[in-house]
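What follows is one structure encoded as structure tokens, with my remarks underneath.
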Amino acid sequence: MARPQTFGAKIAHREKTGTTCSICGQQISYVKHYANVKNTDGNVKYKQKVVGICGCNKKDYLG
């Protein structure tokens, strides 16, 4: 059975390919983004996902 990839291994593999944004032309870097999600009970959970960041959407995720 194969070992599951860590976050660092996934990011290193994605950045090794060197993808660039088609709109702004900057290289895409990947970070983990945590979003708040409210339940019907009023409790808050955190949903995490890996997002690609470039010059176009930098302010959306990093403020």
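Residues in the structure tokens are numbered from 1 in each chain, the chains being A, B, ... in the order shown, and ligands are numbered from 1 in the order shown.
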
Region 48-55 of chain A environment, 12 Å, only C-alpha atoms, sequence neighbours closer than 6 positions dropped, as an MDAnalysis selection string: chainID A and resid 7:8 10:11 14:15 18:37 61:62

How about saving the chosen residues, N, CA and C atoms kept, as a compact mmCIF listing (two decimals), in the first residue's frame?
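The result, written out as selection_2.txt:
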# COMPACT_ATOMS: atom_id res chain seq x y z
N PHE A 7 1.43 17.39 2.92
CA PHE A 7 1.14 18.67 2.29
C PHE A 7 2.38 19.19 1.56
N GLY A 8 3.53 19.08 2.17
CA GLY A 8 4.77 19.55 1.55
C GLY A 8 5.09 18.83 0.26
N LYS A 10 2.92 17.40 -1.80
CA LYS A 10 1.96 17.81 -2.82
C LYS A 10 2.34 19.17 -3.41
N ILE A 11 2.73 20.10 -2.55
CA ILE A 11 3.09 21.44 -3.01
C ILE A 11 4.37 21.40 -3.83
N ARG A 14 3.51 20.15 -7.28
CA ARG A 14 2.76 21.11 -8.09
C ARG A 14 3.64 22.27 -8.54
N GLU A 15 4.54 22.74 -7.67
CA GLU A 15 5.39 23.87 -8.03
C GLU A 15 6.53 23.45 -8.95
N GLY A 18 5.72 24.18 -12.54
CA GLY A 18 5.91 25.57 -12.91
C GLY A 18 4.77 26.16 -13.72
N THR A 19 3.55 25.93 -13.31
CA THR A 19 2.41 26.48 -14.03
C THR A 19 2.33 27.98 -13.80
N THR A 20 1.92 28.70 -14.83
CA THR A 20 1.76 30.14 -14.73
C THR A 20 0.31 30.50 -15.04
N CYS A 21 -0.12 31.64 -14.53
CA CYS A 21 -1.47 32.12 -14.75
C CYS A 21 -1.58 32.63 -16.18
N SER A 22 -2.66 32.29 -16.83
CA SER A 22 -2.85 32.73 -18.21
C SER A 22 -3.25 34.20 -18.30
N ILE A 23 -3.77 34.78 -17.21
CA ILE A 23 -4.22 36.16 -17.22
C ILE A 23 -3.08 37.12 -16.86
N CYS A 24 -2.43 36.89 -15.71
CA CYS A 24 -1.41 37.84 -15.26
C CYS A 24 0.02 37.39 -15.58
N GLY A 25 0.23 36.12 -15.86
CA GLY A 25 1.54 35.62 -16.23
C GLY A 25 2.45 35.28 -15.07
N GLN A 26 1.99 35.41 -13.82
CA GLN A 26 2.80 35.07 -12.66
C GLN A 26 2.73 33.57 -12.38
N GLN A 27 3.77 33.05 -11.72
CA GLN A 27 3.77 31.65 -11.35
C GLN A 27 2.78 31.43 -10.22
N ILE A 28 2.06 30.33 -10.28
CA ILE A 28 1.04 30.00 -9.29
C ILE A 28 1.70 29.29 -8.11
N SER A 29 1.49 29.82 -6.90
CA SER A 29 1.96 29.16 -5.68
C SER A 29 0.74 28.64 -4.93
N TYR A 30 0.92 27.56 -4.20
CA TYR A 30 -0.20 26.88 -3.55
C TYR A 30 -0.10 27.02 -2.04
N VAL A 31 -1.23 27.31 -1.40
CA VAL A 31 -1.33 27.41 0.06
C VAL A 31 -2.61 26.72 0.52
N LYS A 32 -2.65 26.39 1.82
CA LYS A 32 -3.87 25.85 2.40
C LYS A 32 -4.75 27.01 2.83
N HIS A 33 -6.02 26.93 2.49
CA HIS A 33 -6.97 27.97 2.86
C HIS A 33 -8.04 27.34 3.73
N TYR A 34 -8.31 27.98 4.88
CA TYR A 34 -9.32 27.51 5.82
C TYR A 34 -10.51 28.47 5.76
N ALA A 35 -11.68 27.95 5.49
CA ALA A 35 -12.89 28.77 5.41
C ALA A 35 -13.83 28.38 6.56
N ASN A 36 -14.50 29.38 7.13
CA ASN A 36 -15.49 29.13 8.19
C ASN A 36 -16.79 28.67 7.57
N VAL A 37 -17.37 27.61 8.13
CA VAL A 37 -18.65 27.08 7.67
C VAL A 37 -19.55 26.93 8.88
N TYR A 61 -7.55 35.84 -1.03
CA TYR A 61 -7.16 34.86 -0.04
C TYR A 61 -6.23 35.41 1.04
N LEU A 62 -5.36 36.35 0.70
CA LEU A 62 -4.38 36.84 1.66
C LEU A 62 -4.72 38.20 2.26

Could you tell me, as a PyMOL selection string, which residues of chain A DSSP assigns to alpha helix (DSSP H) when given the backbone? chain A and resi 7-17+58-62

Let's have the selection written as an mmCIF file, in the first residue's frame, with C-alpha atoms.
data_model
loop_
_atom_site.group_PDB
_atom_site.id
_atom_site.type_symbol
_atom_site.label_atom_id
_atom_site.label_comp_id
_atom_site.auth_asym_id
_atom_site.auth_seq_id
_atom_site.Cartn_x
_atom_site.Cartn_y
_atom_site.Cartn_z
ATOM 1 C CA PHE A 7 1.143 18.672 2.290
ATOM 2 C CA GLY A 8 4.767 19.555 1.548
ATOM 3 C CA ALA A 9 5.122 16.745 -0.987
ATOM 4 C CA LYS A 10 1.964 17.812 -2.815
ATOM 5 C CA ILE A 11 3.092 21.439 -3.006
ATOM 6 C CA ALA A 12 6.602 20.510 -4.153
ATOM 7 C CA HIS A 13 5.153 18.380 -6.947
ATOM 8 C CA ARG A 14 2.760 21.115 -8.090
ATOM 9 C CA GLU A 15 5.392 23.867 -8.028
ATOM 10 C CA LYS A 16 7.892 21.679 -9.869
ATOM 11 C CA THR A 17 5.670 21.755 -12.930
ATOM 12 C CA LYS A 58 -3.975 37.251 -4.125
ATOM 13 C CA LYS A 59 -6.162 39.795 -2.307
ATOM 14 C CA ASP A 60 -9.098 37.367 -2.121
ATOM 15 C CA TYR A 61 -7.156 34.859 -0.040
ATOM 16 C CA LEU A 62 -4.376 36.839 1.662
#
